[in-house]
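K.L.:
Please read through the structure below; I'll follow up with questions.
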Amino acid sequence: MKRNRRNQRRSQNHWAEVLRRKFSPLTFLQRHAQVALDSLGRLYRNSVTSLMTAAVIGIALAMPSGLYLLLENLDRLSGAWKGQASLSVFLKHDVTETRARDLVERVSAWPEVASVELITPQQALEEFSARSGFADLLATLDENPLPVVLLVQPDTAHTAPEAASELRQRFSLLPETDLAQLDLQWVQRLAAILDTARRGILIISAVLALAVLLVIGNTIRLEIQNRREEILVTKLIGATNAFVRRPFLYSGIWYGLLGGLIAWLLVETGFWLLSAPVASLAGLYQSDFSLQTLPFLLWWLLAGGGILLGLLGSWLAVGRHLDAIEPQ
Amino acid sequence: MIRFDNVSKRYPGGHEALSNISFHMEKGAMAFMTGHSGAGKSTLLKLVALIERASRGQLFLDGQNVTRISRRRIPYLRRKIGFIFQDHHLLFDRTVYDNVALPLIIAGYRHQEVGRRVRAALDKVGLLDKERLYPITLSGGEQQRVGIARAVVNKPLLLLADEPTGNLDPELSREIMALFAQFNIVGVSVLIASHDIPLIQELDYPVLELDHGRLAHSGAGAA
């Protein structure tokens, strides 16, 4: 009995000692840093295989981010056109040109209005006959059927769809107005196309993220198989599953980070190759438009996304395969 | 330290490797376990190491009933035990130092503490000058001693050895056994499975003899 109690005390001391050594935060960090470096060293020792895996991940990450960037650039370009969205105000037939000129002066003073151009029925008819090729037919008309039209350019603060349609409302309430029309339709169509493309990229991203998960999972699975003996021995001498898991999770993180880096390089290179032709194309349109590459935030998102996918992929592989390796 | 209460182990398929084993090995004791191959020596060690679970009966380690212990707690129990294998299970891609340090790293010891303990363990087995070498460059006896250093570096309460001298000549075997005796003197419980009868008879320790899964004979003190 006495002996038993002494034994128990010894055992407790043993555990107290283990606990004291175990829960030092510095030691914990040291261990993690060491495992992380070990995993990196392993990747380096098999650099060709590791690089190929990382390249697959890089390409899979580069595709959606490259497409996304192209789309953002297109959006920026269409944003520049949105500023040109204008309002056509058709005046009633009984409104004379003089009255129309008064109106122009009045509405020019509105703060929402940047400029107003008056198109007389005569001008409109001339333009129409010149452009449509119906000149002969139009010449047979007794009187000009076209009304006076005001081409209103909204102030830059009022080019957004809601503000512009409020302005349209204001114009349509004028007694002289027959019809006020917002020339926004094509901009809206473009926006819809961009939205569709954006959704498509989201789907592609999801599929490619899944591919990255599988690639990393498979790589880690092979690594687990190669280190089977080591896993068995460490488990036999008291390694927890967390301890055994750790180097593989760090491998996954490194693969993801490396993949993110490669993706960034690919996107930057691709855009660099595109920048010259785009500049010359923009030059033809008298535009100083230039491609914008990855903003800083997105680059972090790419690296972080890579790391997250790497961690998740290796977690899945480790969860599936590590538990199966138990000492026999 | 180890107590078996009517323990049986039946493998799937019906083969009963151990039948109704009962014995108690006191803390601080040292004992041998013998028997023909297939007698159940390895199975008994696997039960103690919690690699296998008993089909029937109760198993106590260090006063704790471990018969139905949860899988999550097994690693912590194994850290109280030092294992020595016949084929020593060293990791050949690491130096002697790193092999011996492994249990300490698993247990989360501080860097300085790891160095101190690894050198103490290597010193004890007489391999202090080989810490930077890889196990592949060592002789069989030296590799076995690295295995022993790894088993004792964590100051375990119990040493389990499965045929530790199986591949060694009598001279080396005697040295290895002397090493175990030294650890026993400082309070470590030691259980050695071996069929090296002449060597066992030379040494004066209790013997558990297994015969077809039954405890046929147990020497003084162990039962």
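Going through the structure tokens in order, the chains are called A, B, and so on, while each chain numbers its residues from 1 and the ligands are numbered from 1 in the order shown.
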Distance cut-off 7 Å, counting only C-alpha atoms - which residues of chain A neighbour chain B? Return them as a VMD selection string.
P.N.:
chain A and resid 21 to 22 27 230 233 237 to 240 243 327 to 328
K.L.:
Dump N, CA and C atoms for the selected residues as a compact mmCIF listing (two decimals), in the first residue's frame?
P.N.:
```
# COMPACT_ATOMS: atom_id res chain seq x y z
N ARG A 21 7.76 21.10 -19.07
CA ARG A 21 8.58 21.27 -20.26
C ARG A 21 7.72 21.52 -21.49
N LYS A 22 6.54 20.96 -21.45
CA LYS A 22 5.74 20.98 -22.66
C LYS A 22 5.15 22.35 -22.96
N THR A 27 9.01 27.31 -26.80
CA THR A 27 9.34 25.97 -27.31
C THR A 27 8.34 25.57 -28.40
N GLU A 230 8.61 6.01 -40.96
CA GLU A 230 8.85 7.06 -39.98
C GLU A 230 7.61 7.33 -39.14
N VAL A 233 7.17 4.53 -36.59
CA VAL A 233 8.11 4.62 -35.47
C VAL A 233 7.72 5.75 -34.53
N ILE A 237 6.60 5.59 -30.49
CA ILE A 237 7.27 6.18 -29.34
C ILE A 237 6.51 7.38 -28.82
N GLY A 238 5.22 7.39 -29.06
CA GLY A 238 4.37 8.32 -28.34
C GLY A 238 3.98 9.59 -29.07
N ALA A 239 4.11 9.59 -30.41
CA ALA A 239 3.69 10.78 -31.13
C ALA A 239 2.17 10.83 -31.22
N THR A 240 1.60 12.00 -30.97
CA THR A 240 0.16 12.17 -31.15
C THR A 240 -0.12 12.31 -32.65
N PHE A 243 1.08 15.61 -33.92
CA PHE A 243 2.51 15.69 -34.19
C PHE A 243 2.84 15.10 -35.56
N PRO A 327 0.79 1.26 -35.73
CA PRO A 327 1.71 0.16 -35.49
C PRO A 327 0.95 -1.16 -35.37
N GLN A 328 1.54 -2.21 -35.93
CA GLN A 328 0.88 -3.53 -35.86
C GLN A 328 1.79 -4.51 -35.12
```
K.L.:
Could you please write out, as a short mmCIF file (atom, residue, chain, number, x, y, z; two decimals) with N, CA and C atoms, in the first residue's frame, every residue of stretch 76-135 of chain B that DSSP assigns to strand (DSSP E)?
P.N.:
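Dumped to selection-v8.cif:
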```
data_model
loop_
_atom_site.label_atom_id
_atom_site.label_comp_id
_atom_site.auth_asym_id
_atom_site.auth_seq_id
_atom_site.Cartn_x
_atom_site.Cartn_y
_atom_site.Cartn_z
N ILE B 81 6.84 4.55 -21.82
CA ILE B 81 7.45 3.26 -22.14
C ILE B 81 8.55 3.46 -23.18
N GLY B 82 9.69 2.78 -22.95
CA GLY B 82 10.74 2.78 -23.97
C GLY B 82 10.72 1.45 -24.71
N PHE B 83 10.69 1.49 -26.05
CA PHE B 83 10.65 0.25 -26.83
C PHE B 83 11.99 -0.03 -27.46
N ILE B 84 12.39 -1.31 -27.41
CA ILE B 84 13.57 -1.73 -28.15
C ILE B 84 13.15 -2.91 -29.03
#
```
K.L.:
I need the alpha helix (DSSP H) residues of stretch 67-134 of chain A per DSSP on the backbone, written as a ChimeraX atom specification.
P.N.:
/A:67-82,97-108,121-132
K.L.:
Any idea what's packed within 12 Å of B:Asp162, counting only C-alpha atoms, ignoring anything in its chain fewer than 6 positions away? Could you give it as a PyMOL selection string?
P.N.:
chain B and resi 32-34+40-46+48-49+82-89+144+147-148+190-196
K.L.:
Using only C-alpha atoms, which of the listed residues (B:Arg68, B:His24, B:Arg56, B:Arg132) sits closest to B:Arg3?
P.N.:
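Under the stated criterion, the closest residue is B:His24.
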K.L.:
Nearest residue to A:Leu274 out of A:Asn46, A:Ser290, A:Gln122, A:Gln30, using only C-alpha atoms?
P.N.:
A:Ser290
K.L.:
Need to verify the contact set: A:Ser129, 9 Å, only C-alpha atoms, exclusion of same-chain residues closer than 6 positions in sequence. Can you return it as a CSV table (one decimal) with N, CA and C atoms, in the first residue's frame?
P.N.:
```
chain,number,residue,atom,x,y,z
A,135,ALA,N,-32.6,59.9,-98.4
A,135,ALA,CA,-32.6,61.4,-98.7
A,135,ALA,C,-33.7,61.6,-99.7
A,136,ASP,N,-33.8,60.8,-100.8
A,136,ASP,CA,-34.8,61.0,-101.8
A,136,ASP,C,-36.2,60.9,-101.3
A,137,LEU,N,-36.4,59.9,-100.5
A,137,LEU,CA,-37.7,59.7,-99.9
A,137,LEU,C,-38.1,60.8,-98.9
A,138,LEU,N,-37.1,61.3,-98.1
A,138,LEU,CA,-37.4,62.4,-97.2
A,138,LEU,C,-37.7,63.7,-97.9
A,139,ALA,N,-37.1,63.8,-99.1
A,139,ALA,CA,-37.4,65.1,-99.8
A,139,ALA,C,-38.8,65.2,-100.3
```
K.L.:
Any idea what's packed within 9 Å of A:Val215, counting only C-alpha atoms, ignoring anything in its chain fewer than 2 positions away? Could you give it as a PyMOL selection string?
P.N.:
chain A and resi 53+56-57+210-213+217-220+313
K.L.:
Write a file of the selected residues as a PDB file, in the first residue's frame, keeping C-alpha atoms.
P.N.:
```pdb
ATOM      1  CA  THR A  53       3.289  20.253 -58.294  1.00  0.00           C
ATOM      2  CA  VAL A  56       0.145  22.925 -61.566  1.00  0.00           C
ATOM      3  CA  ILE A  57      -1.239  24.820 -58.600  1.00  0.00           C
ATOM      4  CA  LEU A 210     -11.116  21.771 -56.390  1.00  0.00           C
ATOM      5  CA  ALA A 211      -8.378  20.664 -58.803  1.00  0.00           C
ATOM      6  CA  VAL A 212      -5.757  22.330 -56.603  1.00  0.00           C
ATOM      7  CA  LEU A 213      -7.171  20.513 -53.574  1.00  0.00           C
ATOM      8  CA  GLY A 217      -4.059  15.952 -51.592  1.00  0.00           C
ATOM      9  CA  ASN A 218      -2.503  13.446 -53.971  1.00  0.00           C
ATOM     10  CA  THR A 219       1.005  14.836 -53.473  1.00  0.00           C
ATOM     11  CA  ILE A 220       0.650  14.658 -49.719  1.00  0.00           C
ATOM     12  CA  GLY A 313      -5.785  19.737 -49.387  1.00  0.00           C
TER      13      GLY A 313
END
```
K.L.:
Quick one: distance from atom CA of A:Leu174 to atom CA of A:Ala124 in Å, one decimal?
P.N.:
21.8 Å
K.L.:
Need to verify the contact set: A:Arg221, 10 Å, only C-alpha atoms, exclusion of same-chain residues closer than 6 positions in sequence. Can you return it as a VMD selection string?
P.N.:
chain A and resid 215 227 248 313 to 314 316 to 318 320 to 322
K.L.:
Could you dump the residues just selected with N, CA and C atoms as a PDB file, in the first residue's frame?
P.N.:
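again-v3.pdb written:
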```
ATOM      1  N   VAL A 215      -4.820  17.957 -56.332  1.00  0.00           N
ATOM      2  CA  VAL A 215      -3.386  17.853 -56.636  1.00  0.00           C
ATOM      3  C   VAL A 215      -2.582  17.817 -55.342  1.00  0.00           C
ATOM      4  N   ARG A 227       6.842   8.083 -46.286  1.00  0.00           N
ATOM      5  CA  ARG A 227       7.337   8.231 -44.914  1.00  0.00           C
ATOM      6  C   ARG A 227       6.596   7.332 -43.942  1.00  0.00           C
ATOM      7  N   PHE A 248       3.172  17.363 -42.649  1.00  0.00           N
ATOM      8  CA  PHE A 248       2.445  17.268 -43.910  1.00  0.00           C
ATOM      9  C   PHE A 248       1.603  18.510 -44.140  1.00  0.00           C
ATOM     10  N   GLY A 313      -6.075  20.939 -48.611  1.00  0.00           N
ATOM     11  CA  GLY A 313      -5.785  19.737 -49.387  1.00  0.00           C
ATOM     12  C   GLY A 313      -4.998  18.736 -48.578  1.00  0.00           C
ATOM     13  N   SER A 314      -3.958  19.224 -47.881  1.00  0.00           N
ATOM     14  CA  SER A 314      -3.142  18.288 -47.108  1.00  0.00           C
ATOM     15  C   SER A 314      -3.935  17.776 -45.908  1.00  0.00           C
ATOM     16  N   LEU A 316      -7.094  17.140 -45.830  1.00  0.00           N
ATOM     17  CA  LEU A 316      -7.960  16.068 -46.322  1.00  0.00           C
ATOM     18  C   LEU A 316      -7.163  14.782 -46.497  1.00  0.00           C
ATOM     19  N   ALA A 317      -5.980  14.898 -47.134  1.00  0.00           N
ATOM     20  CA  ALA A 317      -5.165  13.702 -47.385  1.00  0.00           C
ATOM     21  C   ALA A 317      -4.712  13.082 -46.069  1.00  0.00           C
ATOM     22  N   VAL A 318      -4.249  13.932 -45.168  1.00  0.00           N
ATOM     23  CA  VAL A 318      -3.735  13.448 -43.887  1.00  0.00           C
ATOM     24  C   VAL A 318      -4.846  12.761 -43.100  1.00  0.00           C
ATOM     25  N   ARG A 320      -7.415  11.275 -44.254  1.00  0.00           N
ATOM     26  CA  ARG A 320      -7.806  10.002 -44.845  1.00  0.00           C
ATOM     27  C   ARG A 320      -6.759   8.910 -44.638  1.00  0.00           C
ATOM     28  N   HIS A 321      -5.471   9.296 -44.721  1.00  0.00           N
ATOM     29  CA  HIS A 321      -4.441   8.259 -44.803  1.00  0.00           C
ATOM     30  C   HIS A 321      -3.642   8.047 -43.533  1.00  0.00           C
ATOM     31  N   LEU A 322      -3.587   9.071 -42.688  1.00  0.00           N
ATOM     32  CA  LEU A 322      -2.698   8.956 -41.533  1.00  0.00           C
ATOM     33  C   LEU A 322      -3.247   8.012 -40.469  1.00  0.00           C
TER      34      LEU A 322
END
```
